[in-house]
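Since the structure comes first, as C-alpha cells, the remarks are kept for the end.
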Amino acid sequence: RDAQESRGLGDVYKRQPSAGDAVNVLGYYAPGDGGGGQFYYDVAASDADNGGTILAPTAGGGRWKRVWHDTLSVKMFGAKGDGVADDTTAFTAALVAASASGVTVRVPAGNYAVSSIDVAANINVIGDGRRKTKITITGFATYAALKYGVLLRGEADIQGRTSLGGVEIDLSSSAEPGQHGILITRRALLSDVRVHHANGSGIYFRSVNQSTEAPYFSSLYSCLLYTSDAADDLLC
C-alpha cells in the first residue's frame, strides 16, 4: 500500500490506522524540522510509546513504528535545538532507545538546552562539530556523590566503550558548586569536544570500583587545556 503523508507526528497519533498502513512524516512539529521519517503500522505491537520511534495511536491498539537504521537523531524525539526549549526529555528518550541496540545518536547543528545527560555503554553521541553543535547544561545530576552535566558510563569490560564527539558542552547556565562538565567512570572516547564554565573539572575521571567500574582505556584525542579569566576550558 502506498505511504500516506503527514505534516508532523501529532497528525500520526490522530490517524485511525489499519494493517499495512504506512505514512511519510515531513517533520516532528512541522515540515523540514529534521524530525520526520517513514512509519509503518504494526497492528499486533504493544511496545511502550517513546515519542520518537514507537507511537501509540490515540484511539485503538497497535503501534506506529519508525523505519530507521544504525543512527537515531535527537530531532526524531522532538529536540528543537533553539537554545530556549528544554530538550532534556528528547535527549533522554533518544539515548534510551539507542541503549537497546547500541547505536549512534546524532545531535545536529544547534543549541540544545538540557538538564543533564547520561550516556550508557556502546552508544556514540555525535554532533556536527564543536563549532556547530552546542549542548547547554541547565541543571545537574549526581552519580557516586559527584555532580555532573554529562555522564559517560561504559561496560565493566573493555569492549563496552561509549563515545562523545563533535559537540560543545557549556555549563554557564548551571551555577552548581563543584559540578563537573563530563564525568567518566568507565571506558570512553572523546574527540572534537569543548567543555567550559564548569564549576568543578571540565572532565573528571572517577574510579567507582577498581574491578567493575573504572575509566580504564579511555581515549581523548588532540586535547588542549587552558585557563582564561572568564572560565576554564577543556578542548579535545
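By order in the C-alpha cells, chains are A, B, ...; within a chain, residues start at 1; ligands start at 1, following the order shown.
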
Can you tell me, as a ChimeraX atom specification, what residues are no more than 6 Å from Tyr28 (chain A) when counting only C-alpha atoms, ignoring any on the same chain fewer than 6 positions away?
/A:8-9,35-36

Those residues you just picked out, can you put them in a file as a compact mmCIF listing (two decimals), in the first residue's frame with N, CA and C atoms?
# COMPACT_ATOMS: atom_id res chain seq x y z
N GLY A 8 3.31 16.30 10.63
CA GLY A 8 4.05 16.13 11.88
C GLY A 8 3.58 14.91 12.63
N LEU A 9 4.29 14.57 13.72
CA LEU A 9 3.93 13.37 14.47
C LEU A 9 2.57 13.50 15.14
N GLY A 35 12.82 16.11 12.19
CA GLY A 35 12.29 15.01 12.99
C GLY A 35 11.35 14.09 12.25
N GLY A 36 11.24 14.26 10.94
CA GLY A 36 10.33 13.43 10.15
C GLY A 36 10.91 12.07 9.82

Using only C-alpha atoms, which protein or nucleic acid residues come within 9 Å of Asp49 (chain A)? Drop anything in the same chain fewer than 6 positions from it, and give the result as a PyMOL selection string.
chain A and resi 55-56+63

Could you save the residues just selected, with all heavy atoms, as a PDB file, in the first residue's frame?
ATOM      1  N   LEU A  55       5.076   4.919  18.316  1.00  0.00           N
ATOM      2  CA  LEU A  55       3.955   5.799  18.635  1.00  0.00           C
ATOM      3  C   LEU A  55       2.696   4.982  18.856  1.00  0.00           C
ATOM      4  O   LEU A  55       2.366   4.111  18.041  1.00  0.00           O
ATOM      5  CB  LEU A  55       3.714   6.790  17.492  1.00  0.00           C
ATOM      6  CG  LEU A  55       4.913   7.567  16.954  1.00  0.00           C
ATOM      7  CD1 LEU A  55       4.470   8.483  15.819  1.00  0.00           C
ATOM      8  CD2 LEU A  55       5.589   8.358  18.052  1.00  0.00           C
ATOM      9  N   ALA A  56       1.991   5.253  19.944  1.00  0.00           N
ATOM     10  CA  ALA A  56       0.726   4.583  20.227  1.00  0.00           C
ATOM     11  C   ALA A  56      -0.417   5.463  19.732  1.00  0.00           C
ATOM     12  O   ALA A  56      -0.565   6.613  20.169  1.00  0.00           O
ATOM     13  CB  ALA A  56       0.577   4.336  21.728  1.00  0.00           C
ATOM     14  N   ARG A  63       0.797  -0.186  17.045  1.00  0.00           N
ATOM     15  CA  ARG A  63       1.780   0.889  17.166  1.00  0.00           C
ATOM     16  C   ARG A  63       2.264   1.331  15.782  1.00  0.00           C
ATOM     17  O   ARG A  63       2.396   0.530  14.860  1.00  0.00           O
ATOM     18  CB  ARG A  63       3.002   0.416  17.980  1.00  0.00           C
ATOM     19  CG  ARG A  63       2.711   0.094  19.437  1.00  0.00           C
ATOM     20  CD  ARG A  63       2.348   1.333  20.230  1.00  0.00           C
ATOM     21  NE  ARG A  63       2.176   1.056  21.647  1.00  0.00           N
ATOM     22  CZ  ARG A  63       1.026   0.758  22.219  1.00  0.00           C
ATOM     23  NH1 ARG A  63      -0.088   0.671  21.481  1.00  0.00           N
ATOM     24  NH2 ARG A  63       0.958   0.537  23.517  1.00  0.00           N
TER      25      ARG A  63
END

When DSSP works through the backbone of this structure, what residues of region 15-231 of chain A end up as strand (DSSP E or B), shown as a tab-separated table (two decimals) with N, CA and C atoms, in the first residue's frame?
chain	number	residue	atom	x	y	z
A	22	ALA	N	1.14	2.80	5.99
A	22	ALA	CA	2.43	3.45	6.12
A	22	ALA	C	2.23	4.94	5.91
A	23	VAL	N	3.08	5.73	6.56
A	23	VAL	CA	2.93	7.18	6.45
A	23	VAL	C	4.31	7.83	6.39
A	24	ASN	N	4.46	8.82	5.54
A	24	ASN	CA	5.68	9.59	5.43
A	24	ASN	C	5.46	10.91	6.18
A	25	VAL	N	6.20	11.09	7.26
A	25	VAL	CA	6.02	12.27	8.10
A	25	VAL	C	7.06	13.32	7.72
A	37	GLY	N	10.18	11.33	9.01
A	37	GLY	CA	10.62	9.99	8.61
A	37	GLY	C	9.44	9.15	8.20
A	38	GLN	N	9.72	7.89	7.92
A	38	GLN	CA	8.66	6.97	7.49
A	38	GLN	C	8.27	6.06	8.64
A	39	PHE	N	6.96	5.86	8.78
A	39	PHE	CA	6.42	4.98	9.81
A	39	PHE	C	5.52	3.93	9.15
A	40	TYR	N	5.47	2.76	9.75
A	40	TYR	CA	4.52	1.73	9.32
A	40	TYR	C	3.71	1.30	10.54
A	41	TYR	N	2.52	0.80	10.28
A	41	TYR	CA	1.63	0.41	11.37
A	41	TYR	C	1.72	-1.08	11.63
A	42	ASP	N	2.04	-1.43	12.90
A	42	ASP	CA	2.11	-2.82	13.35
A	42	ASP	C	0.90	-3.07	14.24
A	54	ILE	N	8.49	4.78	18.33
A	54	ILE	CA	7.29	3.98	18.59
A	54	ILE	C	6.18	4.92	19.05
A	55	LEU	N	5.08	4.92	18.32
A	55	LEU	CA	3.95	5.80	18.63
A	55	LEU	C	2.70	4.98	18.86
A	63	ARG	N	0.80	-0.19	17.05
A	63	ARG	CA	1.78	0.89	17.17
A	63	ARG	C	2.26	1.33	15.78
A	64	TRP	N	2.53	2.62	15.67
A	64	TRP	CA	3.26	3.14	14.53
A	64	TRP	C	4.75	2.99	14.84
A	65	LYS	N	5.53	2.44	13.92
A	65	LYS	CA	6.96	2.23	14.14
A	65	LYS	C	7.78	2.93	13.06
A	66	ARG	N	8.78	3.66	13.50
A	66	ARG	CA	9.63	4.40	12.57
A	66	ARG	C	10.60	3.45	11.87
A	71	THR	N	21.41	4.78	12.97
A	71	THR	CA	21.57	6.09	13.59
A	71	THR	C	20.21	6.70	13.95
A	72	LEU	N	20.14	7.21	15.18
A	72	LEU	CA	18.98	7.97	15.63
A	72	LEU	C	19.39	9.43	15.79
A	73	SER	N	18.44	10.32	15.64
A	73	SER	CA	18.69	11.74	15.85
A	73	SER	C	17.82	12.22	17.00
A	82	ASP	N	17.02	25.09	19.79
A	82	ASP	CA	16.94	26.54	19.59
A	82	ASP	C	17.52	27.32	20.76
A	83	GLY	N	18.06	26.61	21.75
A	83	GLY	CA	18.64	27.26	22.91
A	83	GLY	C	17.63	27.76	23.92
A	84	VAL	N	16.34	27.58	23.64
A	84	VAL	CA	15.28	28.05	24.53
A	84	VAL	C	14.47	26.89	25.09
A	85	ALA	N	13.97	26.02	24.21
A	85	ALA	CA	13.16	24.88	24.63
A	85	ALA	C	14.00	23.90	25.45
A	86	ASP	N	13.37	23.26	26.42
A	86	ASP	CA	14.02	22.23	27.23
A	86	ASP	C	14.03	20.92	26.44
A	104	THR	N	24.38	4.86	17.14
A	104	THR	CA	24.80	6.25	17.19
A	104	THR	C	23.60	7.17	17.38
A	105	VAL	N	23.75	8.14	18.26
A	105	VAL	CA	22.75	9.20	18.43
A	105	VAL	C	23.34	10.49	17.88
A	106	ARG	N	22.73	11.01	16.85
A	106	ARG	CA	23.24	12.22	16.21
A	106	ARG	C	22.58	13.46	16.82
A	107	VAL	N	23.40	14.48	17.02
A	107	VAL	CA	22.92	15.77	17.53
A	107	VAL	C	23.24	16.82	16.47
A	110	GLY	N	23.01	23.11	16.27
A	110	GLY	CA	22.02	23.83	17.06
A	110	GLY	C	22.51	24.02	18.47
A	111	ASN	N	21.68	24.62	19.30
A	111	ASN	CA	21.99	24.83	20.72
A	111	ASN	C	20.89	24.13	21.52
A	112	TYR	N	21.26	23.06	22.22
A	112	TYR	CA	20.29	22.22	22.93
A	112	TYR	C	20.39	22.45	24.43
A	113	ALA	N	19.32	22.91	25.03
A	113	ALA	CA	19.28	23.12	26.48
A	113	ALA	C	18.79	21.84	27.16
A	114	VAL	N	19.63	21.27	28.00
A	114	VAL	CA	19.26	20.05	28.72
A	114	VAL	C	19.71	20.16	30.17
A	117	ILE	N	22.82	14.76	30.98
A	117	ILE	CA	22.79	13.67	30.01
A	117	ILE	C	23.53	12.46	30.56
A	118	ASP	N	22.93	11.27	30.44
A	118	ASP	CA	23.58	10.02	30.79
A	118	ASP	C	23.76	9.19	29.53
A	119	VAL	N	25.01	8.85	29.20
A	119	VAL	CA	25.29	8.07	28.00
A	119	VAL	C	25.80	6.70	28.44
A	124	ASN	N	27.24	5.95	20.75
A	124	ASN	CA	28.06	7.04	20.25
A	124	ASN	C	27.19	8.27	20.09
A	125	VAL	N	27.52	9.34	20.78
A	125	VAL	CA	26.80	10.60	20.63
A	125	VAL	C	27.67	11.52	19.79
A	126	ILE	N	27.17	11.87	18.61
A	126	ILE	CA	27.97	12.61	17.65
A	126	ILE	C	27.25	13.87	17.19
A	127	GLY	N	27.90	15.02	17.35
A	127	GLY	CA	27.38	16.28	16.85
A	127	GLY	C	27.96	16.61	15.50
A	133	THR	N	27.50	22.32	16.98
A	133	THR	CA	26.56	21.67	17.91
A	133	THR	C	26.94	22.03	19.34
A	134	LYS	N	26.02	22.69	20.02
A	134	LYS	CA	26.24	23.12	21.40
A	134	LYS	C	25.20	22.49	22.31
A	135	ILE	N	25.64	21.97	23.43
A	135	ILE	CA	24.74	21.44	24.46
A	135	ILE	C	24.91	22.30	25.70
A	136	THR	N	23.87	23.03	26.04
A	136	THR	CA	23.88	23.91	27.19
A	136	THR	C	23.28	23.19	28.39
A	137	ILE	N	24.09	22.96	29.41
A	137	ILE	CA	23.65	22.26	30.61
A	137	ILE	C	22.97	23.27	31.54
A	141	ALA	N	23.03	16.40	37.65
A	141	ALA	CA	22.63	15.13	38.24
A	141	ALA	C	23.80	14.65	39.09
A	142	THR	N	23.58	13.62	39.88
A	142	THR	CA	24.61	13.13	40.80
A	142	THR	C	24.83	11.64	40.61
A	143	TYR	N	26.10	11.26	40.55
A	143	TYR	CA	26.47	9.84	40.49
A	143	TYR	C	27.71	9.64	41.34
A	146	LEU	N	29.04	12.62	43.01
A	146	LEU	CA	29.64	13.66	42.20
A	146	LEU	C	28.59	14.31	41.31
A	147	LYS	N	28.60	15.61	41.23
A	147	LYS	CA	27.66	16.35	40.40
A	147	LYS	C	28.24	16.49	38.99
A	148	TYR	N	27.39	16.33	37.99
A	148	TYR	CA	27.88	16.38	36.62
A	148	TYR	C	26.82	16.94	35.68
A	149	GLY	N	27.29	17.29	34.48
A	149	GLY	CA	26.38	17.67	33.40
A	149	GLY	C	26.18	16.52	32.42
A	150	VAL	N	27.29	15.82	32.10
A	150	VAL	CA	27.25	14.68	31.19
A	150	VAL	C	27.95	13.51	31.85
A	151	LEU	N	27.31	12.34	31.87
A	151	LEU	CA	27.90	11.13	32.42
A	151	LEU	C	28.16	10.14	31.29
A	152	LEU	N	29.42	9.69	31.17
A	152	LEU	CA	29.79	8.67	30.21
A	152	LEU	C	30.15	7.41	30.99
A	162	THR	N	31.81	3.84	25.39
A	162	THR	CA	30.87	4.86	24.95
A	162	THR	C	31.67	6.04	24.41
A	163	SER	N	31.07	6.84	23.54
A	163	SER	CA	31.86	7.93	22.95
A	163	SER	C	31.02	9.19	22.80
A	164	LEU	N	31.73	10.32	22.79
A	164	LEU	CA	31.11	11.64	22.62
A	164	LEU	C	32.03	12.46	21.72
A	165	GLY	N	31.48	13.06	20.67
A	165	GLY	CA	32.31	13.82	19.77
A	165	GLY	C	31.55	14.89	19.02
A	166	GLY	N	32.28	15.90	18.57
A	166	GLY	CA	31.69	16.94	17.74
A	166	GLY	C	30.70	17.84	18.44
A	167	VAL	N	30.94	18.12	19.74
A	167	VAL	CA	30.00	18.96	20.50
A	167	VAL	C	30.74	19.93	21.41
A	168	GLU	N	30.05	21.00	21.74
A	168	GLU	CA	30.50	21.93	22.79
A	168	GLU	C	29.59	21.73	23.98
A	169	ILE	N	30.18	21.59	25.17
A	169	ILE	CA	29.41	21.46	26.41
A	169	ILE	C	29.58	22.75	27.21
A	170	ASP	N	28.50	23.50	27.37
A	170	ASP	CA	28.53	24.80	28.02
A	170	ASP	C	27.77	24.72	29.34
A	180	HIS	N	30.99	18.96	37.71
A	180	HIS	CA	31.91	18.64	36.63
A	180	HIS	C	31.17	18.68	35.29
A	181	GLY	N	31.89	19.06	34.24
A	181	GLY	CA	31.27	19.09	32.93
A	181	GLY	C	30.94	17.69	32.44
A	182	ILE	N	31.97	16.83	32.35
A	182	ILE	CA	31.80	15.44	31.91
A	182	ILE	C	32.40	14.54	32.98
A	183	LEU	N	31.62	13.58	33.45
A	183	LEU	CA	32.08	12.58	34.41
A	183	LEU	C	32.25	11.26	33.68
A	184	ILE	N	33.44	10.68	33.73
A	184	ILE	CA	33.73	9.41	33.07
A	184	ILE	C	34.06	8.37	34.13
A	188	ALA	N	35.76	5.31	27.78
A	188	ALA	CA	35.11	6.31	26.94
A	188	ALA	C	36.09	6.87	25.91
A	189	LEU	N	35.52	7.40	24.84
A	189	LEU	CA	36.29	8.06	23.80
A	189	LEU	C	35.72	9.46	23.59
A	190	LEU	N	36.58	10.47	23.65
A	190	LEU	CA	36.17	11.85	23.38
A	190	LEU	C	37.01	12.40	22.24
A	191	SER	N	36.35	13.11	21.32
A	191	SER	CA	37.07	13.76	20.23
A	191	SER	C	36.28	14.98	19.77
A	192	ASP	N	37.00	16.05	19.45
A	192	ASP	CA	36.38	17.29	19.00
A	192	ASP	C	35.32	17.76	19.98
A	193	VAL	N	35.71	17.86	21.25
A	193	VAL	CA	34.79	18.27	22.32
A	193	VAL	C	35.38	19.46	23.07
A	194	ARG	N	34.57	20.45	23.32
A	194	ARG	CA	34.97	21.58	24.16
A	194	ARG	C	34.04	21.64	25.37
A	195	VAL	N	34.64	21.75	26.56
A	195	VAL	CA	33.87	21.88	27.80
A	195	VAL	C	34.28	23.18	28.48
A	196	HIS	N	33.31	23.99	28.85
A	196	HIS	CA	33.69	25.24	29.51
A	196	HIS	C	32.65	25.69	30.52
A	203	ILE	N	36.55	17.82	32.66
A	203	ILE	CA	36.37	16.37	32.55
A	203	ILE	C	36.94	15.74	33.82
A	204	TYR	N	36.16	14.86	34.44
A	204	TYR	CA	36.57	14.23	35.69
A	204	TYR	C	36.49	12.73	35.54
A	205	PHE	N	37.61	12.05	35.83
A	205	PHE	CA	37.66	10.59	35.79
A	205	PHE	C	37.50	10.07	37.22
A	209	ASN	N	34.74	1.61	41.35
A	209	ASN	CA	35.17	0.30	41.84
A	209	ASN	C	36.26	-0.21	40.89
A	213	GLU	N	34.08	-0.85	37.86
A	213	GLU	CA	33.73	0.46	37.30
A	213	GLU	C	34.89	1.43	37.48
A	219	SER	N	40.05	7.30	25.94
A	219	SER	CA	40.88	7.98	24.96
A	219	SER	C	40.37	9.40	24.73
A	220	LEU	N	41.27	10.37	24.75
A	220	LEU	CA	40.96	11.76	24.43
A	220	LEU	C	41.90	12.18	23.32
A	224	LEU	N	43.55	19.99	24.49
A	224	LEU	CA	44.26	21.18	24.95
A	224	LEU	C	43.51	21.75	26.14
A	225	LEU	N	44.21	21.93	27.24
A	225	LEU	CA	43.62	22.52	28.44
A	225	LEU	C	44.24	23.89	28.67
A	226	TYR	N	43.40	24.90	28.78
A	226	TYR	CA	43.92	26.23	29.06
A	226	TYR	C	42.96	26.99	29.95
A	227	THR	N	43.48	28.03	30.58
A	227	THR	CA	42.70	28.80	31.55
A	227	THR	C	42.68	30.25	31.11

Identify which of the residues A:Ala79, A:Pro17, A:Lys132, A:Val96 lies closest to Ala48 (chain A), counting only C-alpha atoms when measuring atom-to-atom distances.
A:Val96

All helix (DSSP H, G or I) residues (DSSP, backbone) inside region 7-197 of chain A, as a list in words:
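So the helix (DSSP H, G or I) residues in region 7-197 of chain A would be Leu9, Gly10, Asp11, Val12, Tyr13, Lys14, Val74, Lys75, Met76, Phe77, Thr88, Thr89, Ala90, Phe91, Thr92, Ala93, Ala94, Leu95, Val96, Ala97, Ala98 and Ser99 of chain A.
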